[in-house]
Amino acid sequence: MFQQKMDKTYETKLLRVDRKGFSDSVLNEACELLKKGELVAFPTETVYGLGGNALDKTAASRIYAAKGRPSDNPLIVHVAEKEALFSVGREVPEGAVRLTERFWPGPLTVIVKKSEIVPKTTTGGLDTVAVRMPSDEIAMSLIKQSGLYIAAPSANASGRPSTTRAEHCMEDLKGKIPLIIDGGPVPIGLESTIVDLSSERPLILRPGFITLEQIREIIPEIEYDPAVIAREADKNAVAKAPGMKYRHYAPRGELTVFEGSPEKVIKRINSEIAEKRRHGFKTAVLATEESIAYYNADIAESLGRRTDEGEIASHLFEMLRKFDDEEADFIYAESFFSPGVGRAIMNRLLKAAGYNIITVSD
Ligand code: AMP
Ligand code: MG
């Protein structure tokens with residue numbers, strides 16, 4: 001593993017695209033940049049992506065450099081038609097085709113063996129490639145109009161929460177890329193579900209908006225990679241997705257997640273808050289509509305209604321960034337275990353907390 005260095009600096013432009021009949025001039029400019037091997041941040045339905053030509057080694061290494069991303073953490077290749085899976089992949093299994101028929105365009109990434117045309121810089125040195133066809137119309141137009149396959153990880157600085165608004169991209173990538181396309185806040189707010197179909201045993205490497213249960217309808221034997229369900233960063237578990245081993249999504253303040261009955265959790269968090277405030281620290285709480293009124297923190301943010309997982313998911317990264325902006329020293333979060341999208345929410349939250357979770361028992 002090594003860290004790529006930036007080869008130049010940029011005056012970063014932030015150009016707004018109106019989704020109703022969007023402006024071709026911004027798209028044209030973005031396509032010209034991409035064709036020259038430069039990078040463009042753009043909205044997708046999951047999070048903002050930092051795009052570059054997936055088949056161009058130089059462009060791919062610029063992505064690692066701009067994010068400060070370790071070179072062995074592979075990129076997802078974004079395509080605009082399902083057939084592209086066969087040009088960037090090889091020996092594509094039946095299951096992969098069926099999944100893409102059901103879920104593309106959409107928040108699902110499949111991993112298959114890579115074809116010769118994809119450089120190993122893009123795949124972090126692996127012989128496999130991650131592929132996704134997004135549904136966002138700006139993302140799709142960019143891929144189609146440029147005529148490229150676009151490698152795009154989340155458009156955040158490595159280790160920070162993913163970007164769900166163009167302003168977040170500016171915070172992290174200003175001076176490092178020439179253009180950010182502002183398409184407003186993204187609808188989903190969590191990165192794609194990643195399914196590895198490159199080996200005998202199909203596995204979910206990253207939970208997302210498309211759930212295990214939905215994938216099981218197509219591939220009954222699908223399971224989570226053990227690292228996904230690990231409560232602690234299990235040092236013995238071999239991380240299949242190289243990204244699994246790196247610190248992720250972390251706010252600057254110390255984040256602790258609490259699980260247990262709502263009353264007990266509220267009481268415990270309030271006592272932690274009181275203790276930290278006595279020592280002059282700034283405290284924050286990540287709560288829900290139902291609970292927010294009960295907390296005494298300096299900063300209290302609601303992710304939405306507990307019953308609406310989509311709403312919770314879409315605000316998570318934004319709130320983690322907000323705590324950074326407001327310089328919270330200690331952040332306390334409720335937990336969101338549930339079988340559906342809750343899995344993905346907790347996966348991100350636990351990573352952000354460095355697996356720092358406390359069970360408040362009765
Ligand atoms: P990001 O684009 O920032 O959401 O990160 C992409 C994620 O996809 C990383 O965690 C990678 O480890 C994972 N990924 C991409 N390509 C592969 C691959 N060929 N094999 C396993 N994981 C991959
Ligand atoms: Mg990322």
# chains A, B, ... in the order shown; residues from 1 in each chain; ligands from 1
>>> residues_around(residues="Leu173 in chain A", least_positions_apart="6", cutoff="10 Å", atoms="only C-alpha atoms", output="list in words")
Tyr10, Thr12, Ala41, Leu50, Ala66, Lys67, Ala155, Asn156, Ala157, Glu167, Leu179 and Ile180 of chain A
>>> write_last_selection(atoms="C-alpha atoms", output="PDB file, in the first residue's frame")
ATOM      1  CA  TYR A  10      -6.934  23.483  -8.944  1.00  0.00           C
ATOM      2  CA  THR A  12     -12.327  24.187  -7.878  1.00  0.00           C
ATOM      3  CA  ALA A  41     -17.393  15.165  -8.378  1.00  0.00           C
ATOM      4  CA  LEU A  50     -15.476  11.461  -7.266  1.00  0.00           C
ATOM      5  CA  ALA A  66      -7.329  13.677  -4.263  1.00  0.00           C
ATOM      6  CA  LYS A  67      -9.002  11.606  -1.543  1.00  0.00           C
ATOM      7  CA  ALA A 155     -16.338  12.127  -2.939  1.00  0.00           C
ATOM      8  CA  ASN A 156     -14.985  12.632   0.587  1.00  0.00           C
ATOM      9  CA  ALA A 157     -11.455  12.860   1.935  1.00  0.00           C
ATOM     10  CA  GLU A 167     -20.912  21.558  -0.214  1.00  0.00           C
ATOM     11  CA  LEU A 179     -15.138  20.639 -10.901  1.00  0.00           C
ATOM     12  CA  ILE A 180     -17.970  19.687  -8.555  1.00  0.00           C
TER      13      ILE A 180
END
>>> residues_around(residues="range 311-321 of chain A", least_positions_apart="2", cutoff="9 Å", atoms="only C-alpha atoms", output="compact mmCIF listing (two decimals) with N, CA and C atoms, in the first residue's frame")
# COMPACT_ATOMS: atom_id res chain seq x y z
N THR A 46 -26.93 7.49 -4.30
CA THR A 46 -26.44 7.00 -2.99
C THR A 46 -25.71 8.12 -2.25
N ARG A 160 -13.20 10.35 6.20
CA ARG A 160 -14.29 11.24 6.64
C ARG A 160 -15.65 10.68 6.20
N PRO A 161 -16.74 11.20 6.79
CA PRO A 161 -18.06 10.73 6.35
C PRO A 161 -18.26 10.98 4.85
N SER A 162 -18.98 10.09 4.21
CA SER A 162 -19.27 10.26 2.77
C SER A 162 -20.06 11.54 2.55
N THR A 163 -20.05 12.01 1.31
CA THR A 163 -20.64 13.31 0.98
C THR A 163 -22.04 13.12 0.40
N THR A 164 -23.01 13.80 1.02
CA THR A 164 -24.39 13.70 0.53
C THR A 164 -24.88 15.02 -0.06
N ARG A 165 -24.02 16.04 -0.02
CA ARG A 165 -24.32 17.35 -0.61
C ARG A 165 -23.06 17.87 -1.29
N HIS A 168 -20.36 19.44 0.87
CA HIS A 168 -19.45 18.52 1.57
C HIS A 168 -18.25 18.19 0.67
N VAL A 186 -28.53 14.24 -1.99
CA VAL A 186 -28.84 12.94 -2.61
C VAL A 186 -30.03 12.29 -1.89
N PRO A 187 -30.79 11.44 -2.57
CA PRO A 187 -31.95 10.84 -1.90
C PRO A 187 -31.64 9.71 -0.91
N ILE A 188 -30.66 8.87 -1.18
CA ILE A 188 -30.46 7.69 -0.30
C ILE A 188 -29.52 8.00 0.86
N GLY A 189 -28.35 8.51 0.55
CA GLY A 189 -27.45 8.94 1.63
C GLY A 189 -26.55 7.87 2.21
N LEU A 190 -26.65 6.63 1.75
CA LEU A 190 -25.72 5.57 2.14
C LEU A 190 -25.15 4.98 0.86
N PHE A 209 -28.84 0.13 0.89
CA PHE A 209 -30.28 0.37 0.78
C PHE A 209 -31.00 -0.87 0.24
N TYR A 249 -15.63 7.06 7.86
CA TYR A 249 -16.77 7.89 8.24
C TYR A 249 -16.60 8.65 9.56
N ALA A 250 -15.40 8.68 10.07
CA ALA A 250 -15.23 9.12 11.45
C ALA A 250 -15.37 10.63 11.62
N PRO A 251 -16.22 11.06 12.56
CA PRO A 251 -16.22 12.48 12.91
C PRO A 251 -14.99 12.76 13.77
N ARG A 252 -14.69 14.04 14.00
CA ARG A 252 -13.48 14.35 14.77
C ARG A 252 -13.69 14.13 16.26
N LEU A 286 -26.97 12.27 18.80
CA LEU A 286 -27.58 11.87 17.54
C LEU A 286 -28.83 11.07 17.89
N THR A 288 -33.50 10.79 17.51
CA THR A 288 -34.60 10.68 16.55
C THR A 288 -35.70 11.67 16.96
N GLU A 301 -29.19 16.59 17.42
CA GLU A 301 -29.69 16.49 16.05
C GLU A 301 -30.55 15.25 15.91
N SER A 302 -31.64 15.40 15.18
CA SER A 302 -32.50 14.25 14.91
C SER A 302 -32.23 13.73 13.50
N LEU A 303 -32.15 12.42 13.39
CA LEU A 303 -31.97 11.82 12.06
C LEU A 303 -33.30 11.66 11.34
N GLY A 304 -34.39 11.78 12.10
CA GLY A 304 -35.72 11.61 11.51
C GLY A 304 -36.55 10.72 12.40
N ARG A 305 -37.66 10.26 11.86
CA ARG A 305 -38.51 9.37 12.65
C ARG A 305 -37.92 7.97 12.67
N ARG A 306 -37.89 7.37 13.84
CA ARG A 306 -37.30 6.04 14.00
C ARG A 306 -37.94 5.00 13.07
N THR A 307 -39.23 5.19 12.78
CA THR A 307 -39.94 4.23 11.94
C THR A 307 -39.59 4.38 10.46
N ASP A 308 -38.92 5.47 10.11
CA ASP A 308 -38.63 5.72 8.70
C ASP A 308 -37.13 5.55 8.43
N GLU A 309 -36.74 4.32 8.10
CA GLU A 309 -35.32 4.02 7.92
C GLU A 309 -34.67 4.83 6.80
N PHE A 323 -21.53 17.75 13.27
CA PHE A 323 -20.86 17.71 14.57
C PHE A 323 -19.41 18.19 14.44
N ASP A 324 -18.80 17.89 13.31
CA ASP A 324 -17.44 18.39 13.05
C ASP A 324 -17.46 19.90 12.91
N ASP A 325 -18.43 20.41 12.12
CA ASP A 325 -18.52 21.86 11.91
C ASP A 325 -18.69 22.58 13.25
N GLU A 326 -19.46 21.97 14.13
CA GLU A 326 -19.74 22.63 15.41
C GLU A 326 -18.73 22.24 16.50
N PHE A 336 -29.57 1.69 15.89
CA PHE A 336 -30.64 1.51 14.89
C PHE A 336 -30.69 0.09 14.35
N VAL A 341 -32.83 -1.82 6.22
CA VAL A 341 -31.81 -0.80 5.99
C VAL A 341 -31.06 -0.48 7.29
N GLY A 342 -31.67 -0.83 8.42
CA GLY A 342 -31.03 -0.64 9.72
C GLY A 342 -29.65 -1.27 9.79
N ALA A 344 -27.51 -1.46 7.36
CA ALA A 344 -26.56 -0.56 6.69
C ALA A 344 -26.30 0.66 7.56
N ILE A 345 -27.35 1.16 8.21
CA ILE A 345 -27.19 2.34 9.06
C ILE A 345 -26.23 2.01 10.21
N ARG A 348 -22.52 1.66 9.18
CA ARG A 348 -21.80 2.94 9.03
C ARG A 348 -21.56 3.59 10.39
N LEU A 349 -22.60 3.53 11.23
CA LEU A 349 -22.50 4.19 12.54
C LEU A 349 -21.42 3.52 13.40
N ALA A 352 -18.06 4.47 12.10
CA ALA A 352 -17.77 5.86 12.46
C ALA A 352 -17.35 5.95 13.93
>>> closest_residue(among="A:Ala65, A:Ala130, A:Val17, A:Leu27", to="ligand 1", atoms="only C-alpha atoms and all ligand atoms")
A:Ala130
>>> closest_residue(among="A:Glu213, A:Asp225, A:Asp127, A:Glu32", to="ligand 1", atoms="only C-alpha atoms and all ligand atoms")
A:Asp127
>>> closest_residue(among="A:Ser199, A:Asn53, A:Thr256, A:Ser146", to="Ala284 in chain A", atoms="only C-alpha atoms")
A:Thr256
>>> closest_residue(among="A:Met133, A:Val79, A:Leu148, A:Leu197", to="Val92 in chain A", atoms="only C-alpha atoms")
A:Leu197
>>> closest_residue(among="A:Glu83, A:Thr109, A:Ala166, A:Thr128", to="Arg16 in chain A", atoms="only C-alpha atoms")
A:Ala166
>>> select_by_dssp(residues="range 66-180 of chain A", states="alpha helix (DSSP H)", output="ChimeraX atom specification")
/A:66-67,84-88,94-103,137-146,166-173
>>> residues_around(residues="Lys8 in chain A", least_positions_apart="6", cutoff="12 Å", atoms="only C-alpha atoms", output="PyMOL selection string")
chain A and resi 38+62+65-66+175-178
>>> closest_residue(among="A:Ser271, A:Thr123, A:Ser361, A:Thr58", to="ligand 1", atoms="only C-alpha atoms and all ligand atoms")
A:Thr123
